[in-house]
file upload-v5.cif (mmCIF, C-alpha atoms)
data_entry
#
loop_
_atom_site.label_atom_id
_atom_site.label_comp_id
_atom_site.auth_asym_id
_atom_site.auth_seq_id
_atom_site.Cartn_x
_atom_site.Cartn_y
_atom_site.Cartn_z
CA MET A 236 -32.32 -3.27 33.06
CA ASN A 237 -29.98 -6.18 32.34
CA ILE A 238 -27.51 -3.81 30.74
CA LEU A 239 -27.40 -1.71 33.87
CA ALA A 240 -26.84 -4.73 36.07
CA THR A 241 -24.10 -6.01 33.81
CA ALA A 242 -22.41 -2.62 33.68
CA LEU A 243 -22.19 -2.40 37.44
CA GLY A 244 -21.56 -6.09 38.00
CA SER A 245 -24.21 -6.12 40.72
CA PRO A 246 -27.17 -8.53 40.58
CA THR A 247 -28.89 -6.75 43.46
CA LEU A 248 -29.30 -3.41 41.73
CA PRO A 249 -32.74 -2.05 42.54
CA PRO A 250 -34.92 -1.38 39.51
CA LEU A 251 -34.17 2.25 38.67
CA ALA A 252 -36.48 1.88 35.73
CA ASP A 253 -39.39 1.67 38.17
CA PRO A 254 -41.48 4.75 37.30
CA ALA A 255 -42.64 5.16 40.86
CA SER A 256 -39.23 5.63 42.42
CA SER A 257 -36.94 6.83 39.60
CA SER A 258 -35.88 10.41 39.25
CA ASN A 259 -35.75 11.97 35.81
CA SER A 260 -32.13 11.01 35.47
CA GLY A 261 -32.81 7.28 35.94
CA GLY A 262 -34.15 6.63 32.45
CA GLY A 263 -31.58 9.01 30.94
CA PHE A 264 -28.72 7.03 32.42
CA ALA A 265 -30.17 3.76 31.27
CA ASP A 266 -30.39 5.12 27.74
CA ALA A 267 -26.87 6.51 27.92
CA ILE A 268 -25.47 3.19 29.13
CA GLY A 269 -27.41 1.31 26.47
CA ALA A 270 -26.23 3.59 23.68
CA ALA A 271 -22.62 3.50 24.84
CA MET A 272 -22.76 -0.29 25.13
CA SER A 273 -24.00 -0.74 21.56
CA GLN A 274 -21.34 1.57 20.31
CA VAL A 275 -18.67 -0.44 22.10
CA GLU A 276 -19.98 -3.70 20.66
CA SER A 277 -20.24 -2.26 17.18
CA ALA A 278 -16.76 -0.70 17.29
CA GLN A 279 -15.21 -3.92 18.59
CA SER A 280 -16.95 -5.93 15.91
CA THR A 281 -15.71 -3.56 13.19
CA ALA A 282 -12.17 -3.78 14.54
CA ALA A 283 -12.29 -7.57 14.67
CA THR A 284 -13.58 -7.76 11.11
CA ALA A 285 -10.93 -5.33 9.85
CA ALA A 286 -8.20 -7.32 11.57
CA SER A 287 -9.28 -10.69 10.21
CA ASP A 288 -9.88 -9.22 6.75
CA LEU A 289 -6.28 -8.09 6.65
CA LEU A 290 -4.62 -11.02 8.40
CA ILE A 291 -6.58 -13.77 6.67
CA GLY A 292 -7.91 -12.23 3.48
CA GLY A 293 -5.08 -9.80 2.84
CA LYS A 294 -7.69 -7.13 2.25
CA GLY A 295 -7.52 -3.64 3.65
CA ASP A 296 -4.61 -1.69 5.06
CA VAL A 297 -2.71 -1.67 8.33
CA HIS A 298 -3.87 1.87 9.10
CA THR A 299 -7.50 0.84 8.63
CA VAL A 300 -7.13 -1.89 11.25
CA ALA A 301 -5.21 0.43 13.58
CA ILE A 302 -7.86 3.14 13.34
CA ALA A 303 -10.66 0.63 13.91
CA ALA A 304 -8.82 -0.76 16.95
CA GLN A 305 -8.35 2.71 18.40
CA LYS A 306 -12.00 3.55 17.87
CA ALA A 307 -12.99 0.37 19.69
CA GLU A 308 -10.70 1.27 22.58
CA LEU A 309 -11.99 4.82 22.73
CA SER A 310 -15.57 3.59 22.69
CA LEU A 311 -14.79 1.33 25.61
CA GLU A 312 -13.12 4.14 27.52
CA LEU A 313 -16.08 6.39 26.88
CA PHE A 314 -18.39 3.66 28.04
CA GLN A 315 -16.42 3.27 31.24
CA GLN A 316 -16.65 7.01 31.87
CA VAL A 317 -20.39 7.01 31.35
CA ARG A 318 -20.73 4.03 33.67
CA ASN A 319 -18.58 5.70 36.32
CA LYS A 320 -20.72 8.83 36.19
CA PHE A 321 -23.76 6.67 36.55
CA VAL A 322 -22.32 4.91 39.60
CA GLN A 323 -21.50 8.27 41.19
CA ALA A 324 -24.96 9.59 40.53
CA TYR A 325 -26.54 6.42 41.88
CA GLN A 326 -24.46 6.63 45.03
CA GLU A 327 -25.46 10.28 45.50
CA ILE A 328 -29.09 9.29 45.17
CA MET A 329 -28.69 6.48 47.67
CA LYS A 330 -27.22 8.87 50.20
CA MET A 331 -30.32 11.01 50.14
CA PRO A 332 -32.53 10.63 53.14
CA MET A 333 -35.87 9.10 52.11
CA MET B 144 -3.10 -4.72 1.10
CA SER B 145 -1.77 -1.96 -1.09
CA LEU B 146 1.56 -1.41 0.59
CA PHE B 147 2.52 -5.09 0.77
CA SER B 148 1.50 -5.44 -2.85
CA ALA B 149 3.61 -2.37 -3.71
CA ILE B 150 6.64 -4.06 -2.17
CA GLY B 151 6.02 -7.19 -4.21
CA ILE B 152 5.78 -5.13 -7.37
CA SER B 153 9.03 -3.30 -6.61
CA ALA B 154 10.75 -6.60 -5.83
CA SER B 155 9.71 -7.91 -9.25
CA GLY B 156 11.21 -4.74 -10.73
CA MET B 157 14.49 -5.38 -8.95
CA ASP B 158 14.56 -8.96 -10.21
CA ALA B 159 13.91 -7.94 -13.79
CA GLN B 160 16.53 -5.19 -13.82
CA ARG B 161 19.06 -7.52 -12.26
CA THR B 162 18.45 -10.16 -14.91
CA ARG B 163 18.78 -7.46 -17.54
CA ALA B 164 22.08 -6.29 -16.02
CA GLU B 165 23.39 -9.87 -15.97
CA LEU B 166 22.64 -10.30 -19.66
CA ILE B 167 24.32 -7.01 -20.50
CA THR B 168 27.36 -8.02 -18.48
CA GLU B 169 27.48 -11.30 -20.41
CA ASN B 170 27.29 -9.36 -23.67
CA LEU B 171 30.15 -7.11 -22.60
CA ALA B 172 32.30 -10.02 -21.46
CA ASN B 173 31.75 -11.80 -24.79
CA ALA B 174 32.04 -8.82 -27.13
CA ASP B 175 34.96 -10.48 -28.87
CA THR B 176 34.06 -14.15 -28.49
CA THR B 177 34.39 -15.64 -31.96
CA ARG B 178 33.95 -19.26 -30.99
CA THR B 179 31.24 -20.77 -28.82
CA PRO B 180 30.41 -24.42 -27.96
CA GLU B 181 27.28 -24.10 -30.11
CA GLY B 182 29.45 -23.04 -33.02
CA GLY B 183 29.91 -19.57 -34.40
CA PRO B 184 30.45 -16.32 -32.53
CA TYR B 185 28.69 -15.27 -29.34
CA ARG B 186 25.25 -13.84 -30.06
CA ARG B 187 23.98 -10.82 -28.19
CA LYS B 188 21.22 -11.43 -25.64
CA ASP B 189 18.42 -9.04 -24.73
CA ALA B 190 15.87 -9.17 -21.92
CA VAL B 191 12.23 -8.64 -22.85
CA PHE B 192 10.23 -6.99 -20.08
CA THR B 193 6.54 -7.74 -19.75
CA SER B 194 4.01 -6.47 -17.22
CA ALA B 195 2.90 -9.18 -14.83
CA PRO B 196 -0.06 -8.84 -12.48
CA ALA B 197 0.93 -8.26 -8.88
CA GLU B 198 0.38 -11.19 -6.57
CA GLN B 199 -2.83 -10.35 -4.85
CA SER B 200 -5.99 -12.20 -4.21
CA PHE B 201 -8.60 -12.10 -6.91
CA ALA B 202 -11.21 -10.93 -4.43
CA GLN B 203 -9.02 -8.05 -3.38
CA ALA B 204 -8.35 -7.01 -6.95
CA LEU B 205 -12.09 -6.90 -7.62
CA SER B 206 -13.10 -4.99 -4.56
CA ASP B 207 -10.31 -2.46 -4.26
CA PHE B 208 -10.26 -1.05 -7.73
CA SER B 209 -12.78 -0.58 -10.47
CA GLY B 210 -9.86 -0.40 -12.90
CA TYR B 211 -7.22 -3.04 -13.50
CA PRO B 212 -4.80 -4.04 -10.77
CA ALA B 213 -1.36 -2.51 -10.53
CA GLN B 214 1.27 -4.62 -12.21
CA GLY B 215 4.72 -5.90 -11.53
CA VAL B 216 7.17 -6.86 -14.25
CA SER B 217 9.05 -9.92 -15.35
CA VAL B 218 11.55 -10.94 -17.99
CA SER B 219 9.21 -12.96 -20.16
CA GLN B 220 11.91 -14.06 -22.57
CA VAL B 221 15.53 -13.67 -23.50
CA VAL B 222 15.94 -12.77 -27.14
CA VAL B 223 19.07 -14.00 -28.82
CA ASP B 224 20.26 -11.97 -31.78
CA ASP B 225 20.09 -14.32 -34.74
CA SER B 226 20.94 -11.83 -37.45
CA GLU B 227 24.06 -12.14 -39.54
CA PRO B 228 27.16 -11.65 -37.40
CA GLU B 229 29.70 -8.96 -38.17
CA ARG B 230 32.45 -10.17 -40.44
CA ARG B 231 35.95 -8.76 -40.27
CA TYR B 232 38.82 -9.55 -42.57
CA LEU B 233 41.51 -11.20 -40.39
CA PRO B 234 43.13 -13.97 -42.47
CA GLY B 235 45.58 -15.07 -39.74
CA HIS B 236 42.85 -15.49 -37.11
CA PRO B 237 42.29 -19.10 -35.86
CA ASP B 238 38.56 -18.75 -36.51
CA ALA B 239 38.92 -17.27 -39.99
CA ASP B 240 36.86 -18.88 -42.71
CA PRO B 241 38.40 -19.93 -46.09
CA ASP B 242 37.99 -16.34 -47.33
CA GLY B 243 39.87 -14.95 -44.34
CA TYR B 244 36.84 -13.48 -42.61
CA VAL B 245 36.11 -13.91 -38.93
CA ALA B 246 32.57 -13.69 -37.56
CA PHE B 247 32.29 -11.37 -34.56
CA PRO B 248 29.38 -10.71 -32.19
CA LYS B 249 27.32 -7.66 -33.09
CA ILE B 250 27.93 -5.91 -29.81
CA ASN B 251 28.66 -2.24 -29.28
CA PRO B 252 30.28 -1.91 -25.85
CA ALA B 253 29.34 1.76 -25.55
CA GLU B 254 25.67 0.96 -26.14
CA GLU B 255 25.81 -1.92 -23.70
CA MET B 256 27.30 0.36 -21.04
CA VAL B 257 24.51 2.89 -21.50
CA ASP B 258 22.02 0.06 -21.18
CA LEU B 259 23.76 -1.20 -18.05
CA MET B 260 23.50 2.23 -16.46
CA SER B 261 19.82 2.31 -17.27
CA ALA B 262 19.34 -1.10 -15.64
CA SER B 263 21.25 0.10 -12.60
CA ARG B 264 19.11 3.23 -12.29
CA GLY B 265 15.97 1.19 -12.73
CA TYR B 266 17.12 -1.18 -9.98
CA GLN B 267 17.83 1.72 -7.63
CA ALA B 268 14.45 3.29 -8.30
CA ASN B 269 12.74 0.05 -7.26
CA VAL B 270 14.85 -0.07 -4.10
CA ALA B 271 13.74 3.48 -3.27
CA ALA B 272 10.11 2.52 -3.83
CA ILE B 273 10.39 -0.41 -1.41
CA SER B 274 11.99 1.84 1.18
CA THR B 275 9.11 4.29 0.90
CA ALA B 276 6.47 1.58 1.22
CA LYS B 277 8.19 0.14 4.29
CA ASP B 278 8.24 3.59 5.86
CA MET B 279 4.52 3.99 5.28
CA ILE B 280 3.80 0.59 6.82
CA ALA B 281 5.88 1.51 9.86
CA ARG B 282 3.92 4.76 10.25
CA SER B 283 0.69 2.78 10.01
CA MET B 284 1.85 0.47 12.77
CA ASP B 285 2.49 3.55 14.92
CA LEU B 286 -1.24 4.18 14.90
CA PHE B 287 -1.70 1.18 17.17
CA LYS B 288 0.17 2.87 19.98
CA MET C 179 -20.63 11.63 20.76
CA HIS C 180 -18.73 12.41 17.59
CA LEU C 181 -16.66 9.25 17.40
CA ALA C 182 -18.82 7.76 14.72
CA HIS C 183 -18.30 10.23 11.91
CA THR C 184 -16.25 12.95 10.22
CA ALA C 185 -12.55 13.55 10.65
CA PRO C 186 -11.00 10.21 11.71
CA LEU C 187 -12.86 8.45 8.89
CA ASP C 188 -11.70 11.01 6.33
CA LEU C 189 -8.06 10.70 7.31
CA GLY C 190 -8.26 6.94 7.14
CA ARG C 191 -9.76 7.07 3.68
CA PHE C 192 -7.10 9.52 2.59
CA MET C 193 -4.39 7.18 3.82
CA SER C 194 -5.99 4.34 1.87
CA TYR C 195 -5.93 6.49 -1.25
CA LEU C 196 -2.23 7.27 -0.71
CA SER C 197 -1.48 3.57 -0.15
CA ALA C 198 -3.19 2.71 -3.40
CA ARG C 199 -1.27 5.47 -5.13
CA GLN C 200 1.97 4.09 -3.72
CA GLU C 201 1.14 0.74 -5.27
CA VAL C 202 0.52 2.31 -8.66
CA VAL C 203 3.70 4.43 -8.52
CA SER C 204 5.63 1.25 -7.67
CA SER C 205 4.06 -0.40 -10.69
CA ASN C 206 5.14 2.50 -12.91
CA ILE C 207 8.69 2.31 -11.59
CA ALA C 208 8.86 -1.48 -12.01
CA ASN C 209 7.64 -1.09 -15.60
CA ALA C 210 9.81 1.91 -16.50
CA ASP C 211 11.48 -0.20 -19.18
CA THR C 212 8.54 -2.34 -20.28
CA PRO C 213 7.71 -1.77 -23.95
CA GLY C 214 4.25 -0.33 -24.46
CA TYR C 215 3.53 0.20 -20.75
CA LYS C 216 1.47 3.30 -19.98
CA THR C 217 1.86 5.25 -16.74
CA GLN C 218 -0.99 4.71 -14.30
CA ASP C 219 -2.38 6.80 -11.47
CA ILE C 220 -5.29 6.75 -9.04
CA GLU C 221 -8.16 9.07 -9.78
CA THR C 222 -10.01 10.32 -6.75
CA GLU C 223 -12.97 12.63 -6.62
CA PHE C 224 -11.75 15.17 -4.15
CA SER C 225 -14.93 17.16 -4.37
CA ALA C 226 -16.71 14.84 -1.98
CA ALA C 227 -15.21 14.55 1.49
CA PHE C 228 -12.68 11.75 1.20
CA ALA C 229 -15.11 9.32 2.78
CA GLU C 230 -16.97 9.30 -0.51
CA ALA C 231 -13.90 9.10 -2.70
CA ARG C 232 -14.06 6.65 -5.55
CA ASP C 233 -10.72 5.21 -6.48
CA ALA C 234 -9.94 4.02 -9.94
CA ILE C 235 -6.77 3.31 -11.81
CA VAL C 236 -6.52 5.48 -14.88
CA GLU C 237 -3.89 6.29 -17.44
CA VAL C 238 -2.07 9.57 -17.10
CA PRO C 239 -2.54 11.97 -19.99
CA GLY C 240 0.10 14.29 -21.38
CA LEU C 241 3.16 12.07 -21.02
CA SER C 242 5.49 11.60 -23.95
CA SER C 243 6.24 8.08 -25.17
CA LYS C 244 9.47 6.45 -26.19
CA ASN C 245 9.80 4.49 -29.43
CA ASP C 246 8.54 1.30 -27.82
CA GLY C 247 5.39 3.01 -26.52
CA ASN C 248 6.51 3.24 -22.87
CA ASN C 249 5.70 6.64 -21.33
CA VAL C 250 7.04 6.31 -17.80
CA SER C 251 8.91 9.34 -16.50
CA ILE C 252 11.19 8.32 -13.67
CA ASP C 253 11.35 11.94 -12.53
CA ARG C 254 7.59 12.07 -12.14
CA GLU C 255 7.49 8.77 -10.26
CA ALA C 256 10.36 9.75 -7.97
CA ARG C 257 8.61 13.00 -7.16
CA LEU C 258 5.37 11.16 -6.38
CA LEU C 259 7.21 8.70 -4.13
CA ALA C 260 8.51 11.57 -2.02
CA GLU C 261 5.19 13.44 -2.06
CA ASN C 262 3.26 10.33 -1.08
CA THR C 263 5.30 9.51 2.00
CA VAL C 264 5.16 13.06 3.25
CA ARG C 265 1.38 13.25 2.90
CA PHE C 266 0.90 9.79 4.37
CA ASN C 267 3.10 10.50 7.37
CA LEU C 268 1.35 13.81 7.92
CA ALA C 269 -2.04 12.13 7.84
CA ALA C 270 -0.85 9.46 10.28
CA GLN C 271 0.50 12.15 12.57
CA LEU C 272 -2.78 14.07 12.46
CA MET C 273 -4.67 10.88 13.16
CA ARG C 274 -2.55 10.13 16.21
CA GLY C 275 -3.14 13.65 17.48
CA ARG C 276 -6.86 13.28 17.04
CA ILE C 277 -6.97 9.96 18.86
CA LYS C 278 -4.96 11.46 21.69
CA ASP C 279 -7.33 14.44 21.92
CA ILE C 280 -10.40 12.24 22.03
CA ARG C 281 -8.79 10.09 24.68
CA SER C 282 -8.03 13.05 26.95
CA ALA C 283 -11.48 14.46 26.37
CA ILE C 284 -12.97 11.18 27.51
CA SER C 285 -10.85 10.85 30.62
CA GLU C 286 -11.58 14.40 31.66
CA GLY C 287 -15.23 13.50 31.71
CA HIS C 288 -16.33 15.58 28.75
CA SER C 289 -18.19 13.78 25.99
#
call {"tool": "encode", "arguments": {"input": "upload-v5.cif", "output": "structure tokens"}}
result
Amino acid sequence: MNILATALGSPTLPPLADPASSSNSGGGFADAIGAAMSQVESAQSTAATAASDLLIGGKGDVHTVAIAAQKAELSLELFQQVRNKFVQAYQEIMKMPM
Amino acid sequence: MSLFSAIGISASGMDAQRTRAELITENLANADTTRTPEGGPYRRKDAVFTSAPAEQSFAQALSDFSGYPAQGVSVSQVVVDDSEPERRYLPGHPDADPDGYVAFPKINPAEEMVDLMSASRGYQANVAAISTAKDMIARSMDLFK
Amino acid sequence: MHLAHTAPLDLGRFMSYLSARQEVVSSNIANADTPGYKTQDIETEFSAAFAEARDAIVEVPGLSSKNDGNNVSIDREARLLAENTVRFNLAAQLMRGRIKDIRSAISEGHS
């Protein structure tokens, strides 16, 4: 729930997780956002560790840091795509007459 | 980091070969020096190469390899030839002894030249190694783009 | 989402192996005239996908020694220098291609 709100930057997001009103895709999107978010955090953490290991500890290689940085970026881009799809789907749902 | 360490190792190789070349050049220049400030003829000098651990953190050495770390090189000592000098019969020579013999350095210019070429080749090989390592680092940096 | 495993990790590991090999080749070249020095190399178990490779510095068998015990062959080391850069650059190139492919796949909405 919090993850969804954070992703969309909107504190007034209605509770899609509410079983009474959610469609099948509601929980699926929440899971997708959650999974993508953890992957972003994990990839960014790995990249940060690789960078400081090399810069401070002199351990590792430049290509290792570069690859980790790219993976973090790609994870973020993927996350943004998933979020955008979610926003589109949500907007479609909201347009439906009740 | 392997590639930085490689450069350090190659640099130590360049240093050692250059020192070796300088000693050989000194030998060649003094091949006929019969009188030195220390007394006696010039004595041939030789560089002794010894493996020296590359400069890398202890932690890195432990975690990167299960074997021993790659090693650079250094000139650990300069050996001065202290064997009997070569004696030639030249009675009129200013440095001749009472028997008319002059003590000359035991230096064979042809051998020294061969040695010098070897030092030069060794130096060049280290330069090539540094160039390769730098290229690999540059390619690694490209991965950020 | 295949970002987490397989190919990019393997290429990265391969590049690490080549970097380590570069260091060892440099060591051999620096010690080409060191009495008693034995040529070193990196042993990698290629059987496992590179992600599982275990690197170790080992001595190279089958090289002939000079009188002082040194067995470095400058020809061998020069050849490895050239081989190493080519393989490394190729791996880096492949990696860049892969990253680019993943990026376009993401922005086209496929994942």
call {"tool": "resolve_selection", "arguments": {"input": "upload-v5.cif", "expression": "the PyMOL selection byres ((chain B) within 6 of (chain A))", "output": "ChimeraX atom specification"}}
result
/B:144,203,283,286-287
call {"tool": "atom_distance", "arguments": {"input": "upload-v5.cif", "atom1": "CA of Pro248 in chain B", "atom2": "CA of Arg186 in chain B"}}
result
5.6 Å
call {"tool": "interface_residues", "arguments": {"input": "upload-v5.cif", "of": "chain C", "to": "chain B", "cutoff": "6 Å", "atoms": "all atoms listed in the file", "output": "JSON list (two decimals) with C-alpha atoms, in the coordinates of the input"}}
result
[["chain", "number", "residue", "atom", "x", "y", "z"],
["C", 197, "SER", "CA", -1.48, 3.57, -0.15],
["C", 198, "ALA", "CA", -3.19, 2.71, -3.40],
["C", 201, "GLU", "CA", 1.14, 0.74, -5.27],
["C", 202, "VAL", "CA", 0.52, 2.31, -8.66],
["C", 204, "SER", "CA", 5.63, 1.25, -7.67],
["C", 205, "SER", "CA", 4.06, -0.40, -10.69],
["C", 208, "ALA", "CA", 8.86, -1.48, -12.01],
["C", 209, "ASN", "CA", 7.64, -1.09, -15.60],
["C", 212, "THR", "CA", 8.54, -2.34, -20.28],
["C", 234, "ALA", "CA", -9.94, 4.02, -9.94],
["C", 235, "ILE", "CA", -6.77, 3.31, -11.81]]
call {"tool": "closest_residue", "arguments": {"input": "upload-v5.cif", "among": "A:Gln279, A:Ser310, A:Met333, A:Ile291", "to": "chain C", "atoms": "only C-alpha atoms"}}
result
A:Ser310
call {"tool": "atom_distance", "arguments": {"input": "upload-v5.cif", "atom1": "CA of Lys277 in chain B", "atom2": "CA of Met193 in chain C"}}
result
14.4 Å
call {"tool": "residues_around", "arguments": {"input": "upload-v5.cif", "residues": "Ser243 in chain C", "least_positions_apart": "4", "cutoff": "10 Å", "atoms": "only C-alpha atoms", "output": "short mmCIF file (atom, residue, chain, number, x, y, z; two decimals) with C-alpha atoms, in the coordinates of the input"}}
result
data_model
loop_
_atom_site.label_atom_id
_atom_site.label_comp_id
_atom_site.auth_asym_id
_atom_site.auth_seq_id
_atom_site.Cartn_x
_atom_site.Cartn_y
_atom_site.Cartn_z
CA GLY C 214 4.25 -0.33 -24.46
CA TYR C 215 3.53 0.20 -20.75
CA LYS C 216 1.47 3.30 -19.98
CA THR C 217 1.86 5.25 -16.74
CA GLY C 247 5.39 3.01 -26.52
CA ASN C 248 6.51 3.24 -22.87
CA ASN C 249 5.70 6.64 -21.33
CA VAL C 250 7.04 6.31 -17.80
CA SER C 251 8.91 9.34 -16.50
#
call {"tool": "closest_residue", "arguments": {"input": "upload-v5.cif", "among": "B:Glu181, B:Asp238, B:Glu227, B:Asp175", "to": "Asn251 in chain B", "atoms": "only C-alpha atoms"}}
result
B:Asp175
call {"tool": "residues_around", "arguments": {"input": "upload-v5.cif", "residues": "range 311-326 of chain A", "least_positions_apart": "6", "cutoff": "6 Å", "atoms": "only C-alpha atoms", "output": "number ranges by chain"}}
result
A: 271, 275; C: 284
call {"tool": "atom_distance", "arguments": {"input": "upload-v5.cif", "atom1": "CA of Glu237 in chain C", "atom2": "CA of Gln218 in chain C"}}
result
4.6 Å
call {"tool": "closest_atom_pairs", "arguments": {"input": "upload-v5.cif", "of": "chain C", "to": "chain A", "cutoff": "7 Å", "atoms": "all atoms listed in the file", "output": "Markdown table"}}
result
| residue | atom | partner | partner_atom | distance |
| --- | --- | --- | --- | --- |
| C:Gly190 | CA | A:Thr299 | CA | 6.3 |
| C:Ser194 | CA | A:Asp296 | CA | 7.0 |
| C:Arg281 | CA | A:Leu309 | CA | 6.5 |
| C:Ile284 | CA | A:Leu313 | CA | 5.7 |
| C:Gly287 | CA | A:Gln316 | CA | 6.6 |
call {"tool": "resolve_selection", "arguments": {"input": "upload-v5.cif", "expression": "the PyMOL selection byres ((chain B and resi 245) around 10)", "output": "list in words"}}
result
Thr177, Arg178, Gly183, Pro184, Pro228, Glu229, Arg230, Arg231, Tyr232, Leu233, Pro234, Gly235, His236, Pro237, Asp238, Ala239, Asp240, Pro241, Asp242, Gly243, Tyr244, Ala246 and Phe247 of chain B
call {"tool": "resolve_selection", "arguments": {"input": "upload-v5.cif", "expression": "the PyMOL selection byres ((chain B and resi 222) around 10)", "output": "list in words"}}
result
Arg186, Arg187, Lys188, Asp189, Ala190, Val191, Ser219, Gln220, Val221, Val223, Asp224 and Asp225 of chain B
call {"tool": "closest_residue", "arguments": {"input": "upload-v5.cif", "among": "C:Ile220, C:Leu259, C:Leu241, C:Ala269", "to": "Arg199 in chain C", "atoms": "all atoms listed in the file"}}
result
C:Ile220
call {"tool": "decode", "arguments": {"input": "upload-v5.cif", "residues": "range 231-285 of chain B", "atoms": "C-alpha atoms", "output": "PDB file, in the first residue's frame"}}
result
ATOM      1  CA  ARG B 231      98.344  -6.699 -18.747  1.00  0.00           C
ATOM      2  CA  TYR B 232     102.031  -6.159 -19.299  1.00  0.00           C
ATOM      3  CA  LEU B 233     102.456  -2.447 -20.154  1.00  0.00           C
ATOM      4  CA  PRO B 234     105.681  -1.247 -18.493  1.00  0.00           C
ATOM      5  CA  GLY B 235     105.409   2.356 -19.769  1.00  0.00           C
ATOM      6  CA  HIS B 236     101.859   2.818 -18.461  1.00  0.00           C
ATOM      7  CA  PRO B 237     101.453   5.446 -15.656  1.00  0.00           C
ATOM      8  CA  ASP B 238      99.560   2.908 -13.542  1.00  0.00           C
ATOM      9  CA  ALA B 239     102.031   0.068 -14.062  1.00  0.00           C
ATOM     10  CA  ASP B 240     103.191  -1.721 -10.942  1.00  0.00           C
ATOM     11  CA  PRO B 241     106.927  -2.384 -10.238  1.00  0.00           C
ATOM     12  CA  ASP B 242     106.732  -5.496 -12.449  1.00  0.00           C
ATOM     13  CA  GLY B 243     105.314  -3.504 -15.352  1.00  0.00           C
ATOM     14  CA  TYR B 244     101.798  -4.873 -15.093  1.00  0.00           C
ATOM     15  CA  VAL B 245      98.691  -2.721 -15.218  1.00  0.00           C
ATOM     16  CA  ALA B 246      95.430  -3.847 -13.608  1.00  0.00           C
ATOM     17  CA  PHE B 247      92.443  -3.511 -15.946  1.00  0.00           C
ATOM     18  CA  PRO B 248      88.722  -3.948 -15.293  1.00  0.00           C
ATOM     19  CA  LYS B 249      87.381  -7.376 -16.182  1.00  0.00           C
ATOM     20  CA  ILE B 250      84.876  -6.080 -18.682  1.00  0.00           C
ATOM     21  CA  ASN B 251      84.041  -7.560 -22.059  1.00  0.00           C
ATOM     22  CA  PRO B 252      82.384  -4.807 -24.101  1.00  0.00           C
ATOM     23  CA  ALA B 253      80.693  -7.290 -26.425  1.00  0.00           C
ATOM     24  CA  GLU B 254      79.069  -9.072 -23.487  1.00  0.00           C
ATOM     25  CA  GLU B 255      78.027  -5.780 -21.946  1.00  0.00           C
ATOM     26  CA  MET B 256      76.395  -4.728 -25.226  1.00  0.00           C
ATOM     27  CA  VAL B 257      74.406  -7.956 -25.395  1.00  0.00           C
ATOM     28  CA  ASP B 258      73.320  -7.362 -21.816  1.00  0.00           C
ATOM     29  CA  LEU B 259      72.347  -3.787 -22.641  1.00  0.00           C
ATOM     30  CA  MET B 260      70.167  -4.970 -25.501  1.00  0.00           C
ATOM     31  CA  SER B 261      68.489  -7.427 -23.177  1.00  0.00           C
ATOM     32  CA  ALA B 262      67.794  -4.640 -20.668  1.00  0.00           C
ATOM     33  CA  SER B 263      66.401  -2.499 -23.458  1.00  0.00           C
ATOM     34  CA  ARG B 264      64.097  -5.271 -24.663  1.00  0.00           C
ATOM     35  CA  GLY B 265      62.984  -5.943 -21.121  1.00  0.00           C
ATOM     36  CA  TYR B 266      62.208  -2.250 -20.653  1.00  0.00           C
ATOM     37  CA  GLN B 267      60.180  -2.156 -23.865  1.00  0.00           C
ATOM     38  CA  ALA B 268      58.218  -5.255 -22.894  1.00  0.00           C
ATOM     39  CA  ASN B 269      57.171  -3.567 -19.640  1.00  0.00           C
ATOM     40  CA  VAL B 270      56.136  -0.461 -21.566  1.00  0.00           C
ATOM     41  CA  ALA B 271      53.971  -2.628 -23.830  1.00  0.00           C
ATOM     42  CA  ALA B 272      52.380  -4.276 -20.803  1.00  0.00           C
ATOM     43  CA  ILE B 273      51.448  -0.900 -19.301  1.00  0.00           C
ATOM     44  CA  SER B 274      49.954   0.185 -22.596  1.00  0.00           C
ATOM     45  CA  THR B 275      47.796  -2.929 -22.700  1.00  0.00           C
ATOM     46  CA  ALA B 276      46.578  -2.485 -19.128  1.00  0.00           C
ATOM     47  CA  LYS B 277      45.696   1.152 -19.787  1.00  0.00           C
ATOM     48  CA  ASP B 278      43.708   0.101 -22.839  1.00  0.00           C
ATOM     49  CA  MET B 279      41.754  -2.419 -20.793  1.00  0.00           C
ATOM     50  CA  ILE B 280      40.979   0.178 -18.132  1.00  0.00           C
ATOM     51  CA  ALA B 281      39.757   2.578 -20.806  1.00  0.00           C
ATOM     52  CA  ARG B 282      37.474  -0.127 -22.218  1.00  0.00           C
ATOM     53  CA  SER B 283      36.144  -0.770 -18.727  1.00  0.00           C
ATOM     54  CA  MET B 284      35.351   2.903 -18.311  1.00  0.00           C
ATOM     55  CA  ASP B 285      33.384   2.738 -21.568  1.00  0.00           C
TER      56      ASP B 285
END
